[in-house]
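The structure file entry.txt is reproduced below (compact mmCIF, C-alpha atoms).
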```
# COMPACT_ATOMS: atom_id res chain seq x y z
CA MET A 1 39.33 -24.99 0.46
CA ASP A 2 37.65 -26.07 -2.74
CA ALA A 3 39.12 -25.46 -6.19
CA ASN A 4 37.04 -22.34 -6.75
CA GLN A 5 38.09 -20.79 -3.45
CA ASN A 6 41.72 -21.62 -4.22
CA LEU A 7 41.53 -19.95 -7.61
CA TYR A 8 39.77 -16.95 -6.09
CA GLN A 9 42.43 -16.49 -3.40
CA TYR A 10 45.25 -17.03 -5.88
CA THR A 11 43.79 -14.43 -8.27
CA LEU A 12 43.44 -12.01 -5.36
CA ARG A 13 47.19 -12.17 -4.75
CA MET A 14 47.92 -10.77 -8.17
CA ALA A 15 45.00 -8.37 -7.98
CA ASP A 16 46.07 -7.00 -4.61
CA ASN A 17 49.71 -6.58 -5.69
CA CYS A 18 48.61 -4.41 -8.60
CA LEU A 19 46.00 -2.52 -6.60
CA ILE A 20 48.17 -1.63 -3.61
CA LEU A 21 51.22 -0.65 -5.64
CA GLY A 22 48.97 1.26 -8.04
CA GLN A 23 47.47 3.11 -5.09
CA ARG A 24 50.93 3.95 -3.65
CA LEU A 25 52.15 5.26 -7.01
CA ALA A 26 49.01 7.37 -7.39
CA GLU A 27 50.07 9.22 -4.20
CA TRP A 28 52.86 10.74 -6.30
CA CYS A 29 50.38 12.50 -8.58
CA GLY A 30 51.28 16.18 -8.61
CA HIS A 31 54.29 15.61 -6.34
CA GLY A 32 56.85 14.11 -8.73
CA PRO A 33 60.38 15.49 -8.71
CA ILE A 34 60.01 16.62 -12.34
CA LEU A 35 56.97 16.65 -14.62
CA GLU A 36 58.12 13.80 -16.88
CA GLN A 37 58.66 11.49 -13.92
CA ASP A 38 55.38 12.50 -12.26
CA ILE A 39 53.78 11.33 -15.49
CA ALA A 40 55.88 8.16 -15.61
CA LEU A 41 54.87 7.18 -12.06
CA THR A 42 51.19 7.82 -12.67
CA ASN A 43 51.27 5.99 -15.99
CA ILE A 44 52.81 2.95 -14.30
CA SER A 45 50.06 3.26 -11.68
CA LEU A 46 47.43 3.37 -14.42
CA ASP A 47 48.83 0.24 -16.08
CA LEU A 48 48.72 -1.54 -12.70
CA MET A 49 45.17 -0.37 -11.99
CA GLY A 50 44.11 -1.73 -15.38
CA GLN A 51 45.75 -5.05 -14.62
CA ALA A 52 44.16 -5.04 -11.15
CA ARG A 53 40.74 -4.57 -12.73
CA ASN A 54 41.34 -7.52 -15.06
CA TYR A 55 42.18 -9.69 -12.04
CA PHE A 56 39.32 -8.38 -9.88
CA GLN A 57 36.77 -8.86 -12.64
CA TYR A 58 37.94 -12.44 -13.00
CA ALA A 59 37.94 -12.94 -9.23
CA ALA A 60 34.32 -11.73 -9.11
CA LYS A 61 33.38 -14.24 -11.80
CA VAL A 62 35.17 -17.07 -10.00
CA VAL A 63 33.73 -16.42 -6.54
CA GLY A 64 30.21 -15.78 -7.80
CA GLU A 65 27.95 -14.78 -4.87
CA ASP A 66 26.84 -11.75 -6.95
CA LYS A 67 30.08 -9.96 -6.07
CA THR A 68 31.48 -7.23 -8.30
CA GLU A 69 35.10 -6.13 -8.80
CA ASP A 70 34.31 -3.11 -6.64
CA ASP A 71 32.92 -5.18 -3.76
CA ILE A 72 36.09 -7.23 -3.67
CA ALA A 73 38.51 -4.30 -3.94
CA PHE A 74 36.77 -1.89 -1.60
CA LEU A 75 34.97 -3.94 1.01
CA ARG A 76 37.65 -6.36 2.22
CA ASP A 77 39.57 -5.66 5.40
CA GLY A 78 43.35 -5.69 5.77
CA MET A 79 43.60 -9.30 6.96
CA GLU A 80 41.93 -10.41 3.73
CA PHE A 81 44.44 -8.66 1.50
CA GLN A 82 47.20 -10.80 0.04
CA ASN A 83 49.61 -8.32 -1.46
CA LEU A 84 53.34 -8.53 -0.88
CA LEU A 85 54.58 -6.44 2.06
CA LEU A 86 57.02 -4.57 -0.21
CA LEU A 87 54.20 -2.82 -2.00
CA GLU A 88 52.61 -1.25 1.07
CA GLN A 89 55.89 0.37 2.15
CA PRO A 90 55.81 4.19 1.94
CA ASN A 91 56.88 6.06 -1.16
CA GLY A 92 59.61 7.84 0.79
CA ASP A 93 61.84 9.85 -1.51
CA PHE A 94 61.97 9.22 -5.27
CA GLY A 95 64.89 6.85 -4.73
CA GLN A 96 62.92 4.66 -2.34
CA THR A 97 60.02 4.56 -4.81
CA VAL A 98 62.44 3.51 -7.56
CA VAL A 99 63.95 0.74 -5.42
CA ARG A 100 60.51 -0.57 -4.42
CA GLN A 101 59.42 -0.48 -8.06
CA PHE A 102 62.60 -2.21 -9.27
CA PHE A 103 62.38 -5.00 -6.68
CA PHE A 104 58.76 -5.65 -7.60
CA ASP A 105 59.24 -5.35 -11.39
CA SER A 106 62.11 -7.84 -11.23
CA PHE A 107 59.82 -10.42 -9.61
CA HIS A 108 56.65 -9.44 -11.48
CA HIS A 109 58.23 -9.74 -14.90
CA VAL A 110 59.60 -13.24 -14.44
CA PHE A 111 56.44 -14.38 -12.62
CA LEU A 112 54.30 -13.23 -15.55
CA THR A 113 56.46 -15.09 -18.09
CA LYS A 114 55.54 -18.26 -16.18
CA MET A 115 51.86 -17.35 -15.77
CA VAL A 116 51.48 -17.10 -19.55
CA ALA A 117 51.76 -20.90 -19.51
CA SER A 118 49.03 -21.28 -16.86
CA LYS A 119 46.32 -23.86 -17.47
CA ASP A 120 43.82 -21.21 -16.42
CA LEU A 121 43.08 -19.46 -19.70
CA GLN A 122 42.01 -16.15 -18.22
CA LEU A 123 45.02 -15.84 -15.91
CA SER A 124 47.19 -16.72 -18.88
CA ALA A 125 45.50 -14.05 -21.02
CA ILE A 126 45.91 -11.41 -18.31
CA ALA A 127 49.59 -12.36 -17.96
CA GLU A 128 50.07 -12.23 -21.73
CA LYS A 129 48.66 -8.72 -21.78
CA SER A 130 50.36 -7.49 -18.61
CA ILE A 131 53.85 -8.65 -19.40
CA LYS A 132 54.21 -6.19 -22.29
CA GLU A 133 53.45 -3.30 -19.96
CA VAL A 134 55.56 -4.68 -17.11
CA THR A 135 58.56 -4.96 -19.44
CA TYR A 136 58.39 -1.19 -19.85
CA HIS A 137 58.04 -0.78 -16.06
CA LEU A 138 61.16 -2.88 -15.51
CA LYS A 139 63.06 -0.89 -18.10
CA TRP A 140 62.08 2.36 -16.41
CA SER A 141 62.93 1.21 -12.89
CA SER A 142 66.23 -0.45 -13.94
CA GLN A 143 67.35 2.71 -15.72
CA TRP A 144 66.59 4.83 -12.65
CA MET A 145 68.43 2.38 -10.37
CA LEU A 146 71.52 3.00 -12.50
CA ARG A 147 71.05 6.75 -12.80
CA LEU A 148 70.53 7.30 -9.09
CA GLY A 149 72.81 4.56 -7.74
CA ASP A 150 75.68 5.51 -9.99
CA GLY A 151 74.79 9.17 -9.67
CA THR A 152 75.85 11.90 -7.29
CA GLU A 153 77.12 11.30 -3.78
CA GLU A 154 73.71 12.23 -2.39
CA SER A 155 71.66 10.12 -4.79
CA HIS A 156 73.96 7.15 -4.16
CA GLU A 157 73.58 7.52 -0.40
CA ARG A 158 69.79 7.77 -0.58
CA MET A 159 69.62 4.74 -2.85
CA GLN A 160 71.79 2.68 -0.51
CA VAL A 161 69.54 3.56 2.44
CA ALA A 162 66.48 2.55 0.39
CA VAL A 163 68.06 -0.75 -0.70
CA ASP A 164 69.07 -1.55 2.89
CA ASN A 165 65.57 -0.73 4.21
CA LEU A 166 63.63 -2.65 1.57
CA TRP A 167 65.96 -5.65 1.22
CA MET A 168 64.03 -7.93 3.59
CA TYR A 169 60.87 -7.38 1.50
CA ALA A 170 62.50 -7.79 -1.91
CA PHE A 171 62.05 -11.54 -2.40
CA GLU A 172 58.84 -12.36 -0.47
CA GLY A 173 57.15 -13.17 -3.77
CA LEU A 174 59.52 -16.09 -4.34
CA GLU A 175 58.51 -18.00 -1.20
CA MET A 176 56.19 -20.94 -1.93
CA ASP A 177 53.34 -21.43 0.53
CA GLN A 178 50.54 -23.99 0.70
CA LEU A 179 48.32 -22.27 -1.85
CA ASP A 180 51.25 -21.84 -4.26
CA GLN A 181 51.86 -25.57 -3.95
CA VAL A 182 48.19 -26.40 -4.65
CA MET A 183 48.18 -24.13 -7.71
CA LEU A 184 51.43 -25.65 -8.93
CA GLU A 185 49.87 -29.10 -8.78
CA ALA A 186 46.84 -27.79 -10.67
CA GLU A 187 49.27 -26.39 -13.27
CA ILE A 188 47.76 -22.96 -12.74
CA GLY A 189 50.68 -21.34 -10.91
CA PRO A 190 54.45 -21.70 -11.36
CA ASP A 191 57.06 -23.27 -9.11
CA LEU A 192 58.47 -20.13 -7.51
CA ASN A 193 61.67 -22.01 -6.67
CA SER A 194 62.35 -22.35 -10.38
CA ILE A 195 62.46 -18.58 -10.85
CA LYS A 196 64.33 -17.70 -7.66
CA ALA A 197 67.82 -17.71 -9.15
CA GLU A 198 66.86 -15.66 -12.19
CA VAL A 199 65.09 -12.97 -10.19
CA VAL A 200 67.80 -12.68 -7.55
CA ASP A 201 70.57 -12.61 -10.17
CA ASN A 202 68.83 -9.88 -12.18
CA VAL A 203 68.46 -7.78 -9.04
CA LYS A 204 72.07 -8.28 -7.98
CA ASN A 205 73.37 -7.48 -11.46
CA ILE A 206 71.63 -4.13 -11.52
CA LEU A 207 72.72 -3.33 -7.96
CA ASN A 208 76.31 -4.04 -8.96
CA GLU A 209 76.09 -1.95 -12.09
CA ALA A 210 74.53 0.83 -10.02
CA THR A 211 77.60 0.67 -7.70
CA LEU A 212 75.29 -0.14 -4.78
CA THR A 213 76.29 -2.53 -2.01
CA ILE A 214 74.25 -5.71 -1.83
CA PRO A 215 73.06 -6.21 1.77
CA GLN A 216 74.44 -9.29 3.49
CA GLU A 217 71.22 -10.25 5.31
CA SER A 218 69.35 -13.18 3.85
CA PHE A 219 66.23 -12.95 6.05
CA VAL A 220 63.04 -12.70 3.96
CA GLN A 221 60.07 -11.09 5.68
CA THR A 222 56.83 -12.85 4.82
CA GLY A 223 53.18 -12.54 5.89
CA GLY A 224 51.52 -10.71 3.02
CA LYS A 225 50.08 -13.85 1.49
CA ASP A 226 48.69 -14.78 4.93
CA GLY A 227 47.00 -11.46 5.49
CA ARG A 228 49.62 -10.45 8.08
CA HIS A 229 50.53 -6.96 6.99
CA THR A 230 52.68 -4.06 8.12
CA GLU A 231 50.97 -1.15 9.83
CA TYR A 232 50.98 0.79 6.55
CA LEU A 233 48.24 -1.22 4.87
CA GLY A 234 45.61 0.01 7.29
CA PHE A 235 46.22 3.62 6.31
CA ILE A 236 46.30 2.82 2.60
CA LEU A 237 42.94 1.04 2.83
CA ALA A 238 41.40 3.76 5.00
CA GLU A 239 42.13 6.30 2.30
CA MET A 240 41.16 4.01 -0.55
CA GLN A 241 37.99 2.52 0.91
CA HIS A 242 36.43 5.17 3.10
CA MET A 243 34.11 6.61 0.46
CA GLN A 244 32.67 3.20 -0.45
CA ARG A 245 32.23 2.31 3.19
CA ALA A 246 30.79 5.67 4.23
CA PHE A 247 28.33 5.72 1.32
CA PRO A 248 27.64 2.09 0.39
CA GLY A 249 26.49 1.64 -3.21
CA ALA A 250 27.18 5.30 -4.05
CA LYS A 251 27.26 6.14 -7.74
CA TRP A 252 28.62 9.11 -9.68
CA MET B 1 16.34 -1.35 -39.77
CA ASP B 2 15.71 -4.62 -41.59
CA THR B 3 18.43 -6.85 -40.26
CA THR B 4 18.32 -9.20 -43.23
CA SER B 5 20.07 -6.47 -45.18
CA LEU B 6 22.70 -5.92 -42.50
CA THR B 7 26.11 -6.89 -43.76
CA HIS B 8 29.57 -7.24 -42.30
CA ASP B 9 30.86 -4.48 -44.62
CA HIS B 10 28.04 -2.17 -43.61
CA VAL B 11 28.93 -2.50 -39.93
CA LYS B 12 32.59 -2.05 -40.79
CA GLU B 13 31.83 1.24 -42.56
CA ILE B 14 29.89 2.48 -39.53
CA LEU B 15 32.71 1.52 -37.16
CA LYS B 16 35.26 3.37 -39.32
CA GLY B 17 33.55 6.48 -38.02
CA VAL B 18 34.31 5.59 -34.39
CA MET B 19 37.40 7.58 -33.51
CA ASP B 20 39.96 7.06 -30.77
CA PRO B 21 38.97 9.68 -28.15
CA GLU B 22 42.63 10.42 -27.33
CA ILE B 23 43.92 10.58 -30.92
CA PRO B 24 40.83 11.73 -32.85
CA VAL B 25 42.40 11.25 -36.30
CA LEU B 26 42.57 7.50 -35.78
CA SER B 27 39.55 5.22 -36.05
CA VAL B 28 39.16 2.07 -33.96
CA PHE B 29 39.99 0.19 -37.16
CA ASP B 30 43.24 2.09 -37.68
CA MET B 31 44.14 1.13 -34.09
CA GLY B 32 43.48 -2.57 -34.63
CA VAL B 33 41.07 -2.58 -31.68
CA ILE B 34 38.19 -4.24 -33.56
CA ARG B 35 38.87 -7.97 -33.53
CA GLU B 36 35.68 -9.44 -34.94
CA ILE B 37 32.28 -8.46 -36.28
CA LYS B 38 29.53 -11.08 -36.23
CA ILE B 39 26.16 -10.52 -37.85
CA ASN B 40 23.28 -12.48 -36.32
CA GLU B 41 19.50 -12.60 -36.60
CA GLN B 42 18.96 -9.82 -34.07
CA GLY B 43 21.76 -7.47 -35.07
CA CYS B 44 25.48 -7.65 -34.53
CA ASN B 45 28.17 -8.64 -32.11
CA VAL B 46 31.45 -6.69 -32.03
CA THR B 47 34.55 -7.99 -30.28
CA ILE B 48 37.18 -5.47 -29.19
CA THR B 49 40.47 -5.73 -27.35
CA PRO B 50 42.04 -3.11 -25.05
CA THR B 51 45.28 -1.46 -26.11
CA TYR B 52 46.73 -1.10 -22.62
CA SER B 53 45.28 -2.72 -19.47
CA GLY B 54 44.49 0.63 -17.87
CA CYS B 55 43.58 2.56 -21.01
CA PRO B 56 40.78 4.93 -19.90
CA ALA B 57 39.67 5.46 -23.51
CA MET B 58 38.35 1.90 -23.84
CA ASN B 59 35.12 2.69 -21.94
CA THR B 60 34.42 5.63 -24.25
CA ILE B 61 35.26 3.53 -27.31
CA GLU B 62 32.81 0.83 -26.20
CA GLU B 63 30.06 3.40 -25.63
CA ASP B 64 30.78 5.06 -28.97
CA ILE B 65 30.49 1.74 -30.78
CA TYR B 66 27.03 1.21 -29.24
CA LYS B 67 26.04 4.79 -30.09
CA HIS B 68 27.18 4.69 -33.71
CA LEU B 69 25.49 1.35 -34.39
CA HIS B 70 22.25 2.35 -32.64
CA ASN B 71 22.20 5.64 -34.58
CA ALA B 72 22.53 3.65 -37.80
CA GLY B 73 19.32 1.85 -36.85
CA ILE B 74 20.83 -1.39 -35.56
CA LYS B 75 18.93 -2.00 -32.35
CA SER B 76 20.50 -5.19 -31.12
CA VAL B 77 24.20 -4.60 -30.49
CA GLU B 78 26.55 -6.52 -28.24
CA VAL B 79 30.13 -5.41 -27.60
CA ASN B 80 32.45 -7.77 -25.80
CA THR B 81 36.07 -7.37 -24.78
CA VAL B 82 38.72 -10.06 -25.02
CA LEU B 83 42.23 -9.95 -23.59
CA SER B 84 43.80 -12.66 -25.71
CA PRO B 85 45.48 -12.49 -28.17
CA ALA B 86 47.01 -9.41 -26.60
CA TRP B 87 46.78 -6.17 -28.58
CA THR B 88 49.95 -5.20 -30.40
CA THR B 89 50.99 -2.17 -32.42
CA ASP B 90 51.58 -4.65 -35.26
CA TRP B 91 47.80 -4.46 -35.74
CA MET B 92 47.89 -0.72 -36.40
CA THR B 93 47.23 -0.09 -40.10
CA GLU B 94 49.79 1.65 -42.33
CA GLU B 95 47.16 4.30 -42.94
CA GLY B 96 46.84 4.73 -39.19
CA LYS B 97 50.61 5.19 -38.78
CA GLN B 98 50.54 7.81 -41.52
CA LYS B 99 47.73 9.70 -39.78
CA LEU B 100 49.68 9.59 -36.51
CA GLU B 101 52.70 11.25 -38.11
CA GLU B 102 50.54 13.94 -39.71
CA TYR B 103 48.95 14.54 -36.30
CA GLY B 104 52.37 15.11 -34.73
CA ILE B 105 52.89 11.78 -32.97
CA ALA B 106 55.80 9.57 -34.09
CA ALA B 107 54.48 6.17 -35.22
CA PRO B 108 55.85 2.86 -33.82
CA VAL B 109 59.23 2.04 -35.35
CA GLY B 110 59.72 -1.53 -36.46
CA GLY B 111 57.53 -4.45 -35.50
CA THR B 112 57.27 -6.44 -32.30
CA LYS B 113 59.35 -9.24 -33.86
CA ASP B 114 62.39 -7.01 -33.41
CA LYS B 115 63.22 -7.19 -29.70
CA ARG B 116 65.27 -3.99 -29.86
CA SER B 117 62.50 -1.80 -31.26
CA LEU B 118 60.08 -3.48 -28.91
CA PHE B 119 61.59 -1.81 -25.90
CA LEU B 120 63.04 1.42 -27.18
CA GLU B 121 66.55 0.09 -27.69
CA ASP B 122 68.56 1.03 -30.79
CA ILE B 123 65.70 2.63 -32.63
CA THR B 124 65.81 5.91 -34.50
CA VAL B 125 62.67 7.94 -34.08
CA LYS B 126 62.18 10.73 -36.59
CA CYS B 127 60.88 14.07 -35.35
CA PRO B 128 57.31 14.42 -36.70
CA GLN B 129 57.84 18.18 -36.97
CA CYS B 130 61.14 18.65 -38.76
CA LYS B 131 61.82 14.99 -39.77
CA SER B 132 65.29 15.03 -38.21
CA GLU B 133 66.70 11.74 -36.88
CA ASN B 134 68.66 13.60 -34.21
CA THR B 135 66.21 12.79 -31.40
CA ILE B 136 66.56 11.45 -27.86
CA LEU B 137 64.32 9.62 -25.41
CA VAL B 138 63.25 11.77 -22.47
CA SER B 139 61.03 9.22 -20.70
CA GLU B 140 59.56 5.77 -21.34
CA PHE B 141 56.18 7.32 -20.49
CA GLY B 142 54.67 10.35 -22.22
CA SER B 143 51.28 11.99 -22.14
CA THR B 144 49.67 8.54 -21.93
CA ALA B 145 50.92 5.06 -21.01
CA CYS B 146 51.03 4.05 -24.68
CA LYS B 147 53.42 6.83 -25.62
CA ALA B 148 57.01 7.69 -24.75
CA MET B 149 58.38 11.21 -24.62
CA TYR B 150 61.11 12.27 -27.04
CA LYS B 151 62.93 15.50 -27.78
CA CYS B 152 64.31 16.69 -31.11
CA LYS B 153 67.82 18.07 -30.80
CA ASP B 154 67.51 19.97 -34.06
CA CYS B 155 64.23 21.86 -33.85
CA LEU B 156 64.22 21.50 -30.02
CA GLU B 157 60.53 20.50 -29.92
CA PRO B 158 59.35 17.67 -27.64
CA PHE B 159 57.03 15.06 -29.14
CA ASP B 160 55.18 11.85 -28.27
CA TYR B 161 56.23 8.49 -29.71
CA PHE B 162 53.69 5.68 -29.89
CA LYS B 163 55.56 2.73 -28.35
CA CYS B 164 55.87 -0.65 -29.98
CA ILE B 165 54.13 -3.21 -27.83
```
Would you encode the structure as structure tokens?
Amino acid sequence: MDANQNLYQYTLRMADNCLILGQRLAEWCGHGPILEQDIALTNISLDLMGQARNYFQYAAKVVGEDKTEDDIAFLRDGMEFQNLLLLEQPNGDFGQTVVRQFFFDSFHHVFLTKMVASKDLQLSAIAEKSIKEVTYHLKWSSQWMLRLGDGTEESHERMQVAVDNLWMYAFEGLEMDQLDQVMLEAEIGPDLNSIKAEVVDNVKNILNEATLTIPQESFVQTGGKDGRHTEYLGFILAEMQHMQRAFPGAKW
Amino acid sequence: MDTTSLTHDHVKEILKGVMDPEIPVLSVFDMGVIREIKINEQGCNVTITPTYSGCPAMNTIEEDIYKHLHNAGIKSVEVNTVLSPAWTTDWMTEEGKQKLEEYGIAAPVGGTKDKRSLFLEDITVKCPQCKSENTILVSEFGSTACKAMYKCKDCLEPFDYFKCI
């Protein structure tokens, strides 16, 4: 792969993370447990969609070929998506959504602090902008981990089930693969190994404070960055892309 | 319009009439969204920066800038958006903060240098209605991503707080 292709694929990883999680959170619209949290979830989704657009617009510029942000977001198939598997998992109950959000925010926040130092000026600028918003996301999700984990018997139980179910997806973002290595050498991406301890410690600290049991399993499910996704992605994309595919080039 | 007579101040005056679509008492200048105005032979070039990544008002703001400048007779207008340096509430004018309060939205407390005010820790937000300091945070997200939701324990009214970022 040439440098341009590498940068394109690397940008897509961040773009797809924001897009898929943004899409999942948007499913909550009108269905939140209480109005204020319905609004919180959709606002987080909006932030992520904005960040996704920044990444997709840059990806379109990098790849050239007359592609637009919309072409890239709506006309790729599942195997071409590079989001983390965590983000395509179902919303489940509010607790599961909180756990998914918290696991991602914990990684996302630290990852962005590193990306600010990227040699790629645009990725650095996007990171500089995004990290302010993501800090609020992390605050929101951490607070809810505590409220629900250290809450009632029922909320605690539901949270524990969610943590147990999502644990194998929690740290996929920290696994270096070939492209991560190439980007590290180009000083565009960080060494994920250098942020592993911080991210894992932050997660474990909150789990402890939330009186939740930390699962013993250390197996990390991977595949997202390779385009090997869980069955959920297909359904997400079907819903998200069907209009553009049914009516190519349609305009409002 | 004769572009030789076009000045930086003239464009600035026109842009002061471009209001934030979500908070119509604030102009794009009050918000600190206008980063640069460049006058050239053909007309002018305006650089703006988005408040939040997903802010849906930015499209409208961009269109309004074109509209206002075209209506003032400036035919050649270019608006471009930059992400860096990232927008911060530190760029909001004092006048703008005043207008926010009068409108019923609590203005950002403290500056972004203070880590605590930056993320809603240890700050006292005054109720824009009754001015009481006896208020509590309801949610980090209010009617829009840029605002948090607070409640006044004295007059019992809820209100939006424009977050420090």
Quote the spacing between CA of Leu166 (chain A) and CA of Arg100 (chain A) in Å to one decimal place. 7.1 Å
Contact residues (chain A, partner chain B, 7 Å, all atoms listed in the file) as an MDAnalysis selection string: chainID A and resid 36 39:40 43 46:47 49:51 125:126 128:129 132 136 140
Produce a file of the selected residues containing C-alpha atoms, as a JSON list (two decimals), keeping the file's coordinate frame.
```json
[["chain", "number", "residue", "atom", "x", "y", "z"],
["A", 36, "GLU", "CA", 58.12, 13.80, -16.88],
["A", 39, "ILE", "CA", 53.78, 11.33, -15.49],
["A", 40, "ALA", "CA", 55.88, 8.16, -15.61],
["A", 43, "ASN", "CA", 51.27, 5.99, -15.99],
["A", 46, "LEU", "CA", 47.43, 3.37, -14.42],
["A", 47, "ASP", "CA", 48.83, 0.24, -16.08],
["A", 49, "MET", "CA", 45.17, -0.37, -11.99],
["A", 50, "GLY", "CA", 44.11, -1.73, -15.38],
["A", 51, "GLN", "CA", 45.75, -5.05, -14.62],
["A", 125, "ALA", "CA", 45.50, -14.05, -21.02],
["A", 126, "ILE", "CA", 45.91, -11.41, -18.31],
["A", 128, "GLU", "CA", 50.07, -12.23, -21.73],
["A", 129, "LYS", "CA", 48.66, -8.72, -21.78],
["A", 132, "LYS", "CA", 54.21, -6.19, -22.29],
["A", 136, "TYR", "CA", 58.39, -1.19, -19.85],
["A", 140, "TRP", "CA", 62.08, 2.36, -16.41]]
```
All residues 7 Å or closer to Tyr8 (chain A), all atoms listed in the file, same chain fewer than 3 positions away omitted, as a VMD selection string: chain A and resid 4 to 5 11 to 12 59 62 to 63
Distance in Å - CA of Ser106 (chain A) versus CA of Leu148 (chain A):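 Between CA of Ser106 (chain A) and CA of Leu148 (chain A) the gap is 17.5 Å.
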Rounded to one decimal place, report the CA of Lys153 (chain B)-CA of Trp144 (chain A) distance in Å. 22.5 Å
For region 81-92 of chain A: contacts at 6 Å, all atoms listed in the file, fewer than 5 positions along chain excluded, given as a list of chain:residue names: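 The filter keeps A:Arg13, A:Asp16, A:Asn17, A:Leu21, A:Thr97, A:Tyr169, A:Gly224, A:Lys225, A:Gly227, A:Leu233.
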Counting all atoms listed in the file, the residue of B:Val77, B:Ile123, B:Ile136, B:Met92 that sits nearest Leu26 (chain B):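 For Leu26 (chain B), the nearest of the given residues is B:Met92.
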Would you mind listing what lies within 12 Å of Gly17 (chain B) as a count of residues only, with only C-alpha atoms counted and same-chain residues fewer than 4 positions away left out? 20
Go through B:Thr7, B:Asn134, B:Thr124, B:Thr81 and flag the residue nearest Tyr161 (chain B), using all atoms listed in the file for the distances.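 So, comparing all the options, the nearest one is B:Thr124.
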Under the rule that all atoms listed in the file are counted, which of B:Glu94, B:Glu62, B:Glu121, B:Asp9 is the nearest residue to Glu78 (chain B)?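 Closest to Glu78 (chain B), using all atoms listed in the file: B:Glu62.
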Cut-off 8 Å around (58.6, 7.9, -5.8) with all atoms listed in the file: residues as a list in words: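 Every residue inside that radius is included here: Leu25, Trp28, Gly32, Leu41, Asn91, Gly92, Asp93, Phe94, Gly95, Gln96, Thr97 and Val98 of chain A.
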Every residue with an atom at most 12 Å from (71.4, 7.5, -4.2) (file coordinates; only C-alpha atoms) is what I'm after, so could you write them as a VMD selection string? chain A and resid 93 to 99 144 to 164 207 210 to 213
Quick one: of B:Glu95, B:Asp90, B:Glu101, B:Glu63, who's nearest to Lys126 (chain B), counting all atoms listed in the file?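 Nearest to Lys126 (chain B): B:Glu101.
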For Val116 (chain A), which residue out of A:Lys204, A:Phe247, A:Ile188, A:Ala26 is the nearest one, using only C-alpha atoms?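 Comparing A:Lys204, A:Phe247, A:Ile188, A:Ala26 against Val116 (chain A), the winner is A:Ile188.
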Would you mind completing region 80-89 of chain B so that it carries N, CA, C and O atoms, and writing it out as a compact mmCIF listing (two decimals), in the coordinates of the input?
```txt
# COMPACT_ATOMS: atom_id res chain seq x y z
N ASN B 80 31.72 -7.08 -26.85
CA ASN B 80 32.45 -7.77 -25.80
C ASN B 80 33.96 -7.61 -25.99
O ASN B 80 34.46 -7.42 -27.08
N THR B 81 34.63 -7.62 -24.82
CA THR B 81 36.07 -7.37 -24.78
C THR B 81 36.83 -8.66 -24.51
O THR B 81 36.47 -9.41 -23.61
N VAL B 82 37.86 -8.90 -25.29
CA VAL B 82 38.72 -10.06 -25.02
C VAL B 82 40.16 -9.59 -24.77
O VAL B 82 40.57 -8.56 -25.30
N LEU B 83 40.86 -10.31 -23.91
CA LEU B 83 42.23 -9.95 -23.59
C LEU B 83 43.25 -10.67 -24.47
O LEU B 83 44.36 -10.20 -24.66
N SER B 84 42.85 -11.85 -24.96
CA SER B 84 43.80 -12.66 -25.71
C SER B 84 43.26 -12.91 -27.11
O SER B 84 42.08 -13.18 -27.27
N PRO B 85 44.06 -12.86 -28.17
CA PRO B 85 45.48 -12.49 -28.17
C PRO B 85 45.68 -11.03 -27.79
O PRO B 85 44.85 -10.19 -28.12
N ALA B 86 46.77 -10.75 -27.11
CA ALA B 86 47.01 -9.41 -26.60
C ALA B 86 47.23 -8.41 -27.73
O ALA B 86 47.91 -8.71 -28.72
N TRP B 87 46.65 -7.22 -27.57
CA TRP B 87 46.78 -6.17 -28.58
C TRP B 87 48.25 -5.84 -28.80
O TRP B 87 49.06 -5.82 -27.87
N THR B 88 48.59 -5.59 -30.05
CA THR B 88 49.95 -5.20 -30.40
C THR B 88 49.91 -4.11 -31.45
O THR B 88 48.98 -4.05 -32.27
N THR B 89 50.93 -3.25 -31.44
CA THR B 89 50.99 -2.17 -32.42
C THR B 89 51.16 -2.73 -33.84
O THR B 89 50.95 -2.01 -34.82
```
